[in-house]
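Undergrad: Provided below: structure-v9.cif, containing mmCIF, C-alpha atoms and all ligand atoms.
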data_entry
loop_
_atom_site.label_atom_id
_atom_site.label_comp_id
_atom_site.auth_asym_id
_atom_site.auth_seq_id
_atom_site.Cartn_x
_atom_site.Cartn_y
_atom_site.Cartn_z
CA MET Y 1 23.49 33.44 -69.31
CA LYS Y 2 21.61 31.60 -66.60
CA ILE Y 3 21.26 33.90 -63.60
CA LEU Y 4 20.12 32.58 -60.25
CA VAL Y 5 18.82 35.08 -57.69
CA LEU Y 6 18.92 33.55 -54.20
CA GLY Y 7 16.46 35.29 -51.90
CA GLY Y 8 14.60 36.17 -55.09
CA HIS Y 9 11.45 37.04 -53.17
CA GLY Y 10 13.02 39.46 -50.67
CA PHE Y 11 13.47 43.24 -50.90
CA PHE Y 12 16.69 43.11 -52.96
CA GLY Y 13 15.86 39.89 -54.76
CA LYS Y 14 12.46 40.79 -56.17
CA ASN Y 15 13.62 44.24 -57.33
CA LEU Y 16 16.63 42.63 -58.98
CA VAL Y 17 14.55 39.90 -60.65
CA HIS Y 18 12.14 42.54 -61.94
CA SER Y 19 15.02 44.44 -63.55
CA LEU Y 20 16.88 41.38 -64.87
CA CYS Y 21 13.72 40.16 -66.60
CA ASN Y 22 14.32 42.99 -69.10
CA THR Y 23 17.67 41.49 -70.10
CA PRO Y 24 18.21 38.63 -72.55
CA HIS Y 25 19.33 36.33 -69.72
CA GLN Y 26 17.43 33.40 -68.24
CA ILE Y 27 16.44 34.33 -64.70
CA PHE Y 28 15.72 31.94 -61.82
CA ALA Y 29 14.45 33.21 -58.45
CA TYR Y 30 14.66 30.96 -55.42
CA SER Y 31 14.02 31.22 -51.67
CA ARG Y 32 12.26 29.09 -49.06
CA ARG Y 33 9.00 30.21 -50.66
CA ASN Y 34 9.61 27.94 -53.64
CA GLY Y 35 11.42 25.15 -51.85
CA LEU Y 36 15.07 26.15 -51.44
CA ASP Y 37 16.52 26.01 -47.92
CA LEU Y 38 20.07 27.30 -48.01
CA THR Y 39 20.67 26.12 -44.44
CA ASP Y 40 20.33 22.60 -45.87
CA TYR Y 41 23.27 21.42 -48.00
CA LYS Y 42 21.26 18.90 -50.04
CA SER Y 43 18.61 21.48 -50.89
CA THR Y 44 21.32 23.96 -51.96
CA TRP Y 45 23.19 21.32 -53.98
CA ASP Y 46 19.95 20.20 -55.74
CA CYS Y 47 19.09 23.78 -56.75
CA LEU Y 48 22.55 24.63 -58.12
CA ARG Y 49 22.93 21.25 -59.81
CA GLU Y 50 19.60 21.61 -61.58
CA ILE Y 51 20.06 25.20 -62.76
CA GLN Y 52 23.83 25.22 -63.42
CA PRO Y 53 23.93 29.02 -63.15
CA ASP Y 54 26.57 31.22 -64.75
CA VAL Y 55 25.90 33.93 -62.18
CA ILE Y 56 24.47 33.78 -58.66
CA TYR Y 57 23.18 36.91 -56.94
CA ASN Y 58 23.34 35.99 -53.27
CA CYS Y 59 20.46 38.07 -51.85
CA ALA Y 60 19.35 35.45 -49.33
CA ALA Y 61 20.05 35.99 -45.66
CA HIS Y 62 18.54 35.71 -42.22
CA VAL Y 63 18.00 39.41 -41.54
CA GLY Y 64 15.98 41.61 -39.20
CA GLY Y 65 15.83 45.01 -37.55
CA LEU Y 66 18.09 46.11 -34.68
CA HIS Y 67 15.88 44.68 -31.93
CA TYR Y 68 15.52 41.36 -33.72
CA VAL Y 69 19.27 41.06 -34.33
CA ALA Y 70 19.98 41.90 -30.68
CA GLN Y 71 17.49 39.26 -29.51
CA TYR Y 72 18.57 36.37 -31.76
CA PRO Y 73 22.33 36.78 -32.40
CA ALA Y 74 23.14 33.06 -32.27
CA ASP Y 75 20.41 32.10 -34.75
CA ILE Y 76 21.39 34.94 -37.09
CA LEU Y 77 25.06 34.01 -37.05
CA ALA Y 78 24.49 30.24 -37.31
CA ASP Y 79 21.96 30.47 -40.16
CA ASN Y 80 23.97 32.96 -42.19
CA LEU Y 81 27.21 31.04 -41.77
CA GLN Y 82 25.46 27.81 -42.77
CA MET Y 83 23.84 29.42 -45.82
CA SER Y 84 27.11 30.95 -47.01
CA LEU Y 85 29.06 27.74 -46.47
CA ASN Y 86 26.47 25.59 -48.25
CA LEU Y 87 26.44 28.01 -51.17
CA TYR Y 88 30.20 27.92 -51.75
CA ARG Y 89 30.51 24.17 -51.09
CA ALA Y 90 27.69 23.37 -53.52
CA ALA Y 91 28.96 25.86 -56.13
CA GLU Y 92 32.41 24.28 -56.04
CA VAL Y 93 31.05 20.85 -56.94
CA THR Y 94 28.14 21.77 -59.24
CA CYS Y 95 29.10 24.99 -61.08
CA PRO Y 96 32.72 25.97 -60.30
CA SER Y 97 32.92 28.53 -63.11
CA VAL Y 98 30.03 30.54 -61.64
CA LEU Y 99 30.33 34.23 -60.68
CA VAL Y 100 28.87 34.92 -57.22
CA ILE Y 101 27.75 38.48 -56.47
CA ASN Y 102 27.38 39.27 -52.76
CA PRO Y 103 25.73 42.46 -51.50
CA LEU Y 104 27.37 42.92 -48.08
CA SER Y 105 25.95 45.33 -45.60
CA ASN Y 106 27.88 48.39 -44.38
CA CYS Y 107 27.10 47.38 -40.79
CA SER Y 108 30.05 45.01 -41.15
CA TYR Y 109 32.36 48.06 -40.91
CA PRO Y 110 33.97 48.78 -37.53
CA GLY Y 111 31.43 50.47 -35.27
CA HIS Y 112 33.67 53.45 -34.42
CA GLN Y 113 34.36 54.64 -38.00
CA GLU Y 114 32.53 57.63 -39.47
CA VAL Y 115 33.81 57.46 -43.04
CA TYR Y 116 33.85 53.89 -44.27
CA ARG Y 117 36.95 53.18 -46.37
CA GLU Y 118 37.45 49.73 -47.89
CA SER Y 119 41.09 49.66 -46.77
CA GLU Y 120 39.89 49.94 -43.15
CA TRP Y 121 36.93 47.57 -43.41
CA LEU Y 122 38.35 44.91 -41.11
CA LYS Y 123 40.32 47.26 -38.86
CA GLY Y 124 38.15 47.12 -35.77
CA GLU Y 125 35.18 45.36 -34.21
CA VAL Y 126 31.68 45.42 -35.63
CA HIS Y 127 29.34 47.51 -33.45
CA PRO Y 128 28.00 45.35 -30.54
CA SER Y 129 24.36 46.07 -31.53
CA ILE Y 130 24.78 44.19 -34.82
CA TYR Y 131 27.68 41.94 -33.89
CA ALA Y 132 26.23 38.67 -35.25
CA TYR Y 133 24.95 40.15 -38.49
CA GLY Y 134 28.07 42.17 -39.30
CA ASN Y 135 30.40 39.28 -38.55
CA ALA Y 136 28.33 36.91 -40.70
CA LYS Y 137 29.04 39.27 -43.63
CA ARG Y 138 32.75 39.30 -42.84
CA ALA Y 139 32.69 35.49 -42.78
CA LEU Y 140 30.96 35.43 -46.17
CA TYR Y 141 33.79 37.53 -47.55
CA THR Y 142 36.39 35.20 -45.97
CA LEU Y 143 34.70 32.20 -47.57
CA SER Y 144 34.59 33.89 -50.97
CA ARG Y 145 38.28 34.64 -50.77
CA CYS Y 146 39.27 31.11 -49.76
CA TYR Y 147 37.06 29.49 -52.42
CA SER Y 148 38.61 31.80 -54.97
CA THR Y 149 42.15 30.90 -53.91
CA GLN Y 150 41.64 27.13 -53.76
CA TYR Y 151 38.88 26.48 -56.33
CA GLY Y 152 38.94 29.58 -58.55
CA ILE Y 153 35.34 30.56 -57.80
CA LYS Y 154 34.93 34.18 -58.78
CA THR Y 155 33.07 36.56 -56.46
CA TYR Y 156 32.20 40.24 -56.54
CA ASN Y 157 31.64 41.64 -53.03
CA PHE Y 158 29.86 44.99 -52.68
CA LEU Y 159 29.44 46.95 -49.45
CA VAL Y 160 26.02 48.57 -49.51
CA PRO Y 161 24.79 51.46 -47.33
CA ASN Y 162 21.29 51.60 -45.82
CA VAL Y 163 18.80 50.82 -48.55
CA PHE Y 164 15.30 52.20 -48.97
CA GLY Y 165 12.63 52.05 -51.63
CA PRO Y 166 9.62 50.09 -52.87
CA GLY Y 167 9.28 46.37 -52.21
CA ASP Y 168 10.55 46.31 -48.63
CA ALA Y 169 8.62 44.70 -45.77
CA THR Y 170 5.83 46.45 -43.90
CA ASP Y 171 6.54 44.49 -40.70
CA PRO Y 172 8.08 46.88 -38.12
CA ASN Y 173 10.58 44.18 -37.09
CA LYS Y 174 11.88 43.83 -40.62
CA VAL Y 175 11.51 47.12 -42.46
CA HIS Y 176 14.64 49.21 -43.08
CA ALA Y 177 15.10 52.50 -41.24
CA LEU Y 178 14.05 55.13 -43.81
CA ASN Y 179 11.14 53.01 -45.07
CA GLY Y 180 10.13 52.58 -41.41
CA MET Y 181 10.01 56.36 -40.98
CA ILE Y 182 7.84 56.67 -44.11
CA ILE Y 183 5.39 54.08 -42.76
CA ARG Y 184 5.25 55.71 -39.32
CA MET Y 185 4.68 59.16 -40.82
CA LEU Y 186 1.94 57.86 -43.10
CA ALA Y 187 0.34 56.34 -39.99
CA ALA Y 188 0.67 59.70 -38.19
CA LYS Y 189 -1.03 61.46 -41.11
CA TRP Y 190 -3.85 58.94 -41.41
CA ASN Y 191 -4.24 59.02 -37.62
CA HIS Y 192 -4.46 62.88 -37.67
CA SER Y 193 -1.55 63.06 -35.18
CA SER Y 194 -0.49 66.64 -34.60
CA GLN Y 195 3.11 65.64 -34.03
CA PHE Y 196 5.63 63.07 -35.17
CA GLU Y 197 8.33 61.94 -32.75
CA ILE Y 198 11.92 61.19 -33.75
CA TRP Y 199 14.46 59.90 -31.25
CA GLY Y 200 17.58 62.06 -30.79
CA THR Y 201 18.48 65.51 -32.09
CA GLY Y 202 18.02 64.64 -35.76
CA THR Y 203 21.54 65.85 -36.56
CA PRO Y 204 23.34 62.51 -37.23
CA ILE Y 205 24.15 62.10 -40.91
CA ARG Y 206 23.59 58.76 -42.61
CA GLU Y 207 24.21 57.60 -46.18
CA TRP Y 208 21.24 56.02 -47.98
CA ILE Y 209 20.94 54.27 -51.30
CA TYR Y 210 17.76 53.86 -53.30
CA ILE Y 211 16.94 50.26 -54.21
CA GLU Y 212 16.77 51.08 -57.96
CA ASP Y 213 20.38 52.29 -57.78
CA VAL Y 214 21.44 49.08 -56.03
CA VAL Y 215 19.70 47.04 -58.71
CA ASN Y 216 21.22 49.10 -61.55
CA LEU Y 217 24.70 48.72 -60.10
CA LEU Y 218 24.37 45.00 -59.38
CA THR Y 219 23.14 44.55 -62.96
CA GLU Y 220 25.98 46.65 -64.37
CA ALA Y 221 28.35 44.40 -62.41
CA LEU Y 222 27.60 41.66 -64.98
CA THR Y 223 29.59 43.63 -67.53
CA LEU Y 224 32.61 44.29 -65.32
CA ASP Y 225 35.90 42.54 -65.71
CA VAL Y 226 37.75 43.52 -62.57
CA ASP Y 227 39.04 41.86 -59.43
CA LEU Y 228 36.40 42.55 -56.79
CA ARG Y 229 37.29 39.86 -54.28
CA HIS Y 230 38.07 42.61 -51.83
CA PRO Y 231 34.77 44.47 -51.48
CA ILE Y 232 34.07 47.95 -52.77
CA ASN Y 233 31.52 50.42 -51.47
CA LEU Y 234 28.43 51.31 -53.49
CA ALA Y 235 28.96 54.86 -52.37
CA GLN Y 236 28.12 58.49 -52.91
CA LYS Y 237 30.17 59.77 -49.95
CA HIS Y 238 27.17 61.86 -49.12
CA GLY Y 239 24.62 61.56 -46.38
CA TYR Y 240 21.53 63.31 -45.07
CA SER Y 241 20.75 64.25 -41.50
CA ILE Y 242 17.87 62.38 -39.91
CA ARG Y 243 16.12 65.76 -39.67
CA SER Y 244 16.43 66.59 -43.36
CA SER Y 245 15.28 63.10 -44.38
CA ALA Y 246 12.26 63.46 -42.06
CA GLU Y 247 11.49 66.87 -43.58
CA LEU Y 248 11.68 65.45 -47.11
CA ILE Y 249 9.36 62.60 -46.14
CA ALA Y 250 6.91 65.07 -44.55
CA LYS Y 251 6.95 67.11 -47.78
CA ALA Y 252 6.40 64.01 -49.96
CA ILE Y 253 3.53 62.81 -47.76
CA ALA Y 254 2.11 66.31 -47.21
CA TYR Y 255 2.18 65.69 -43.46
CA LYS Y 256 1.35 68.95 -41.69
CA GLY Y 257 2.10 67.90 -38.10
CA LYS Y 258 5.13 69.04 -36.14
CA LEU Y 259 8.38 67.03 -36.17
CA VAL Y 260 9.41 66.64 -32.53
CA PHE Y 261 12.96 65.57 -31.71
CA LYS Y 262 13.17 63.62 -28.46
CA THR Y 263 16.58 64.83 -27.36
CA GLU Y 264 16.51 62.73 -24.18
CA TYR Y 265 17.41 59.78 -26.45
CA GLN Y 266 21.06 59.55 -27.42
CA ASP Y 267 22.25 60.14 -30.96
CA GLY Y 268 24.46 57.54 -32.59
CA ALA Y 269 27.71 58.58 -34.29
CA PRO Y 270 27.56 62.11 -35.79
CA GLN Y 271 28.00 60.72 -39.29
CA LYS Y 272 28.33 57.44 -41.17
CA ILE Y 273 29.15 57.80 -44.83
CA MET Y 274 30.94 55.61 -47.38
CA ASP Y 275 34.12 56.63 -49.18
CA ASP Y 276 33.56 56.66 -52.96
CA GLN Y 277 37.08 56.54 -54.40
CA GLN Y 278 36.97 52.85 -55.36
CA PHE Y 279 33.38 53.16 -56.51
CA LYS Y 280 34.26 55.92 -58.98
CA ARG Y 281 37.06 53.78 -60.36
CA VAL Y 282 34.71 50.84 -61.08
CA PHE Y 283 31.52 52.75 -62.01
CA PRO Y 284 32.91 56.04 -63.34
CA SER Y 285 29.77 57.39 -64.97
CA TYR Y 286 27.00 56.19 -62.66
CA GLN Y 287 24.42 58.86 -61.71
CA PHE Y 288 22.47 58.19 -58.52
CA THR Y 289 18.76 58.91 -58.24
CA ASP Y 290 17.89 62.23 -56.61
CA HIS Y 291 17.13 61.60 -52.90
CA TYR Y 292 13.81 63.45 -52.84
CA ALA Y 293 12.60 61.81 -56.07
CA ALA Y 294 13.46 58.41 -54.55
CA ILE Y 295 11.57 59.26 -51.34
CA CYS Y 296 8.52 60.30 -53.39
CA LYS Y 297 8.52 56.99 -55.29
CA THR Y 298 8.83 55.09 -52.00
CA VAL Y 299 5.97 57.06 -50.48
CA ASP Y 300 3.83 56.24 -53.53
CA TYR Y 301 4.64 52.57 -53.05
CA TYR Y 302 3.70 52.49 -49.37
CA GLN Y 303 0.55 54.50 -50.01
CA SER Y 304 -0.46 51.89 -52.57
CA VAL Y 305 0.23 48.83 -50.40
CA LEU Y 306 -0.98 50.18 -47.06
CA SER Y 307 -4.43 51.48 -46.42
CA PRO Y 308 -5.50 54.15 -43.93
CA THR Y 309 -8.06 51.65 -42.70
CA ILE Y 310 -5.45 49.13 -41.52
CA THR Y 311 -5.78 49.37 -37.73
CA PRO Y 312 -2.36 47.96 -36.76
CA LEU Y 313 -0.65 50.58 -38.86
CA LEU Y 314 -2.32 53.34 -36.87
CA HIS Y 315 -0.51 52.04 -33.78
CA TYR Y 316 2.84 51.69 -35.56
N1 LIG T 1 18.37 46.06 -47.08
C1 LIG T 1 19.50 46.68 -46.76
O1 LIG T 1 19.52 47.82 -46.26
C2 LIG T 1 20.78 45.97 -47.05
C3 LIG T 1 21.94 46.71 -47.09
C4 LIG T 1 23.11 46.06 -47.39
C5 LIG T 1 23.12 44.70 -47.68
N2 LIG T 1 21.96 43.99 -47.62
C6 LIG T 1 22.03 42.55 -47.88
O2 LIG T 1 21.27 42.20 -49.02
C7 LIG T 1 20.74 40.90 -48.87
C8 LIG T 1 19.25 40.92 -49.08
O3 LIG T 1 18.65 41.77 -48.11
P1 LIG T 1 17.08 42.07 -48.14
O4 LIG T 1 16.91 43.38 -47.51
O5 LIG T 1 16.56 41.84 -49.52
O6 LIG T 1 16.53 40.93 -47.16
P2 LIG T 1 15.04 40.26 -47.16
O7 LIG T 1 14.04 41.16 -47.76
O8 LIG T 1 14.81 39.78 -45.76
O9 LIG T 1 15.21 39.00 -48.10
C9 LIG T 1 15.94 37.88 -47.69
C10 LIG T 1 15.64 36.74 -48.63
O10 LIG T 1 16.36 35.59 -48.17
C11 LIG T 1 15.48 34.46 -48.22
N3 LIG T 1 15.90 33.47 -47.24
C12 LIG T 1 16.06 33.61 -45.91
N4 LIG T 1 16.46 32.45 -45.35
C13 LIG T 1 16.57 31.55 -46.37
C14 LIG T 1 16.95 30.19 -46.44
N5 LIG T 1 17.28 29.49 -45.35
N6 LIG T 1 16.96 29.58 -47.64
C15 LIG T 1 16.61 30.26 -48.75
N7 LIG T 1 16.24 31.55 -48.76
C16 LIG T 1 16.23 32.20 -47.57
C17 LIG T 1 14.11 35.07 -47.90
O11 LIG T 1 13.03 34.39 -48.44
P3 LIG T 1 12.10 33.39 -47.67
O12 LIG T 1 11.78 34.03 -46.35
O13 LIG T 1 10.95 33.18 -48.55
O14 LIG T 1 12.97 32.21 -47.58
C18 LIG T 1 14.17 36.37 -48.69
O15 LIG T 1 13.82 36.13 -50.04
C19 LIG T 1 21.14 40.44 -47.47
O16 LIG T 1 22.32 39.67 -47.56
C20 LIG T 1 21.44 41.73 -46.76
O17 LIG T 1 22.37 41.56 -45.74
C21 LIG T 1 20.80 44.59 -47.33
#
As structure tokens - that is how I would like this structure written.

TA:
Amino acid sequence: MKILVLGGHGFFGKNLVHSLCNTPHQIFAYSRRNGLDLTDYKSTWDCLREIQPDVIYNCAAHVGGLHYVAQYPADILADNLQMSLNLYRAAEVTCPSVLVINPLSNCSYPGHQEVYRESEWLKGEVHPSIYAYGNAKRALYTLSRCYSTQYGIKTYNFLVPNVFGPGDATDPNKVHALNGMIIRMLAAKWNHSSQFEIWGTGTPIREWIYIEDVVNLLTEALTLDVDLRHPINLAQKHGYSIRSSAELIAKAIAYKGKLVFKTEYQDGAPQKIMDDQQFKRVFPSYQFTDHYAAICKTVDYYQSVLSPTITPLLHY
């Protein structure tokens, strides 16, 4: 098959491309870096027309950390809507028998829910802090459903919890939460800081997924023959408190300073985990990577790409 990875140079995309290169398929990786602009219809049409993919992994998006998303909601929404619309419009005319695979983020769940169940995905507003981003994902789902109904374009939509692992950004505005904590703790160690500050009590529980597991599952999706227009969670229904994740990172880094919880800052919801009933139906035998082993591999990665001599990191 011809497999096109959009956003093939981002965190998801490059890990996915790396894994897919070990399959017999022909792999194409595109992003703005090699000339594709998904906000431009002609550019999108040209790319799809030339490759004629059998499968598209849609890992391209205008993303950013919480502060970035709060600062630029209109740009985030407009760009992501445009990219999604161009993708489905161009697919319909150039490769209508394609399978599109969308990793959707769990921040598109209603902000008030603590256990994310697919049946309740759209039953409530996205949290105001990520309003534009979460709603762009809901719109992508709506598009996929309408293009399936009218044009028969097949889509698998997966709802993915917070991801961590090698290959993510090092930019504090872009890096994902757990990777950000690893970078900050490495900086604290290299800076000989006697303590490491964490906002809140450390008790909130969050579900994480290691990037290799995401890649394995997205790859396994190629062999599925199920109706996944309505999204399913890539879920373990298991989370870790911020405190226990910080302790595991400290162990992996061998950071000897004290973890200090700044309780004057508010905690978010006590827990946010993903229900795994649908997941077990679709991927009955999948074994997730052990959380500590995944943290150790991520620490190794950041130790190899960052250097204790990088001054900006010491002020992270
Ligand atoms: N990371 C998570 O925790 C998480 C969780 C759930 C779901 N997801 C979803 O997974 C997808 C990938 O996330 P990620 O973490 O891999 O993001 P990322 O590292 O920021 O990668 C985004 C990719 O999109 C490309 N891109 C952005 N604008 C583009 C445009 N106009 N035209 C073409 N390419 C464009 C970027 O490349 P250039 O800058 O070179 O164009 C980059 O390759 C996103 O849809 C995200 O919402 C992520």

Undergrad: Could you check how far atom C17 of ligand LIG 1 (chain T) sits from CA of Gly239 (chain Y), in Å to one decimal?

TA: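 These two atoms are separated by 28.5 Å.
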
Undergrad: Within 7 Å of region 66-82 of chain Y, counting all atoms listed in the file, which residues qualify if same-chain residues fewer than 6 places away don't, as a ChimeraX atom specification?

TA: /Y:39,129-130,132-133,136,173

Undergrad: Return the single residue from Y:Gln113, Y:Thr263, Y:Ser285, Y:Thr170 that is closest to ligand LIG 1 (chain T), with distances computed using all atoms listed in the file.

TA: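 Checking each of Y:Gln113, Y:Thr263, Y:Ser285, Y:Thr170 against ligand LIG 1 (chain T), counting all atoms listed in the file, the winner is Y:Thr170.
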
Undergrad: Which polymer residues, protein or nucleic acid, are no farther than 9 Å from (16.8, 55.7, -39.7), counting all atoms listed in the file, as a PyMOL selection string?

TA: chain Y and resi 162+176-181+206+242+245

Undergrad: Could the residues in this selection be saved with C-alpha atoms as a PDB file, in the frame of the given file?

TA:
ATOM      1  CA  ASN Y 162      21.290  51.600 -45.820  1.00  0.00           C
ATOM      2  CA  HIS Y 176      14.640  49.210 -43.080  1.00  0.00           C
ATOM      3  CA  ALA Y 177      15.100  52.500 -41.240  1.00  0.00           C
ATOM      4  CA  LEU Y 178      14.050  55.130 -43.810  1.00  0.00           C
ATOM      5  CA  ASN Y 179      11.140  53.010 -45.070  1.00  0.00           C
ATOM      6  CA  GLY Y 180      10.130  52.580 -41.410  1.00  0.00           C
ATOM      7  CA  MET Y 181      10.010  56.360 -40.980  1.00  0.00           C
ATOM      8  CA  ARG Y 206      23.590  58.760 -42.610  1.00  0.00           C
ATOM      9  CA  ILE Y 242      17.870  62.380 -39.910  1.00  0.00           C
ATOM     10  CA  SER Y 245      15.280  63.100 -44.380  1.00  0.00           C
TER      11      SER Y 245
END

Undergrad: What gap, in Å, lies between atom C11 of ligand LIG 1 (chain T) and CA of Ile182 (chain Y)?

TA: 23.8 Å

Undergrad: Give as a CSV table (one decimal) with C-alpha atoms, in the frame of the given file the residues surrounding ligand LIG 1 (chain T) up to a distance of 8 Å, considering only C-alpha atoms and all ligand atoms.

TA:
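Now in pocket.csv:
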chain,number,residue,atom,x,y,z
Y,6,LEU,CA,18.9,33.6,-54.2
Y,7,GLY,CA,16.5,35.3,-51.9
Y,8,GLY,CA,14.6,36.2,-55.1
Y,9,HIS,CA,11.4,37.0,-53.2
Y,10,GLY,CA,13.0,39.5,-50.7
Y,11,PHE,CA,13.5,43.2,-50.9
Y,12,PHE,CA,16.7,43.1,-53.0
Y,13,GLY,CA,15.9,39.9,-54.8
Y,14,LYS,CA,12.5,40.8,-56.2
Y,30,TYR,CA,14.7,31.0,-55.4
Y,31,SER,CA,14.0,31.2,-51.7
Y,32,ARG,CA,12.3,29.1,-49.1
Y,33,ARG,CA,9.0,30.2,-50.7
Y,34,ASN,CA,9.6,27.9,-53.6
Y,35,GLY,CA,11.4,25.2,-51.8
Y,36,LEU,CA,15.1,26.2,-51.4
Y,37,ASP,CA,16.5,26.0,-47.9
Y,38,LEU,CA,20.1,27.3,-48.0
Y,39,THR,CA,20.7,26.1,-44.4
Y,40,ASP,CA,20.3,22.6,-45.9
Y,58,ASN,CA,23.3,36.0,-53.3
Y,59,CYS,CA,20.5,38.1,-51.8
Y,60,ALA,CA,19.4,35.4,-49.3
Y,61,ALA,CA,20.0,36.0,-45.7
Y,62,HIS,CA,18.5,35.7,-42.2
Y,63,VAL,CA,18.0,39.4,-41.5
Y,64,GLY,CA,16.0,41.6,-39.2
Y,79,ASP,CA,22.0,30.5,-40.2
Y,83,MET,CA,23.8,29.4,-45.8
Y,102,ASN,CA,27.4,39.3,-52.8
Y,103,PRO,CA,25.7,42.5,-51.5
Y,104,LEU,CA,27.4,42.9,-48.1
Y,105,SER,CA,26.0,45.3,-45.6
Y,106,ASN,CA,27.9,48.4,-44.4
Y,107,CYS,CA,27.1,47.4,-40.8
Y,133,TYR,CA,25.0,40.2,-38.5
Y,137,LYS,CA,29.0,39.3,-43.6
Y,159,LEU,CA,29.4,47.0,-49.4
Y,160,VAL,CA,26.0,48.6,-49.5
Y,161,PRO,CA,24.8,51.5,-47.3
Y,162,ASN,CA,21.3,51.6,-45.8
Y,163,VAL,CA,18.8,50.8,-48.6
Y,164,PHE,CA,15.3,52.2,-49.0
Y,168,ASP,CA,10.6,46.3,-48.6
Y,169,ALA,CA,8.6,44.7,-45.8
Y,174,LYS,CA,11.9,43.8,-40.6
Y,176,HIS,CA,14.6,49.2,-43.1

Undergrad: What residues have an atom no more than 6 Å from (18.9, 34.1, -58.4) in the file's own frame, counting only C-alpha atoms, and can you write them as a PyMOL selection string?

TA: chain Y and resi 3-6+8+28-29+56-57

Undergrad: List every residue of region 143-201 of chain Y that has an atom at most 9 Å from any atom of region 221-238 of chain Y, and for each one report the closest atom pair and its distance in Å to one decimal, counting only C-alpha atoms, with rows sorted by chain and then by increasing residue number, as JSON lines.

TA:
{"residue": "Y:Ser144", "atom": "CA", "partner": "Y:Arg229", "partner_atom": "CA", "distance": 7.3}
{"residue": "Y:Arg145", "atom": "CA", "partner": "Y:Arg229", "partner_atom": "CA", "distance": 6.4}
{"residue": "Y:Ser148", "atom": "CA", "partner": "Y:Arg229", "partner_atom": "CA", "distance": 8.2}
{"residue": "Y:Lys154", "atom": "CA", "partner": "Y:Arg229", "partner_atom": "CA", "distance": 7.6}
{"residue": "Y:Thr155", "atom": "CA", "partner": "Y:Arg229", "partner_atom": "CA", "distance": 5.8}
{"residue": "Y:Tyr156", "atom": "CA", "partner": "Y:Leu228", "partner_atom": "CA", "distance": 4.8}
{"residue": "Y:Asn157", "atom": "CA", "partner": "Y:Pro231", "partner_atom": "CA", "distance": 4.5}
{"residue": "Y:Phe158", "atom": "CA", "partner": "Y:Pro231", "partner_atom": "CA", "distance": 5.1}
{"residue": "Y:Leu159", "atom": "CA", "partner": "Y:Asn233", "partner_atom": "CA", "distance": 4.5}
{"residue": "Y:Val160", "atom": "CA", "partner": "Y:Leu234", "partner_atom": "CA", "distance": 5.4}
{"residue": "Y:Pro161", "atom": "CA", "partner": "Y:Leu234", "partner_atom": "CA", "distance": 7.2}
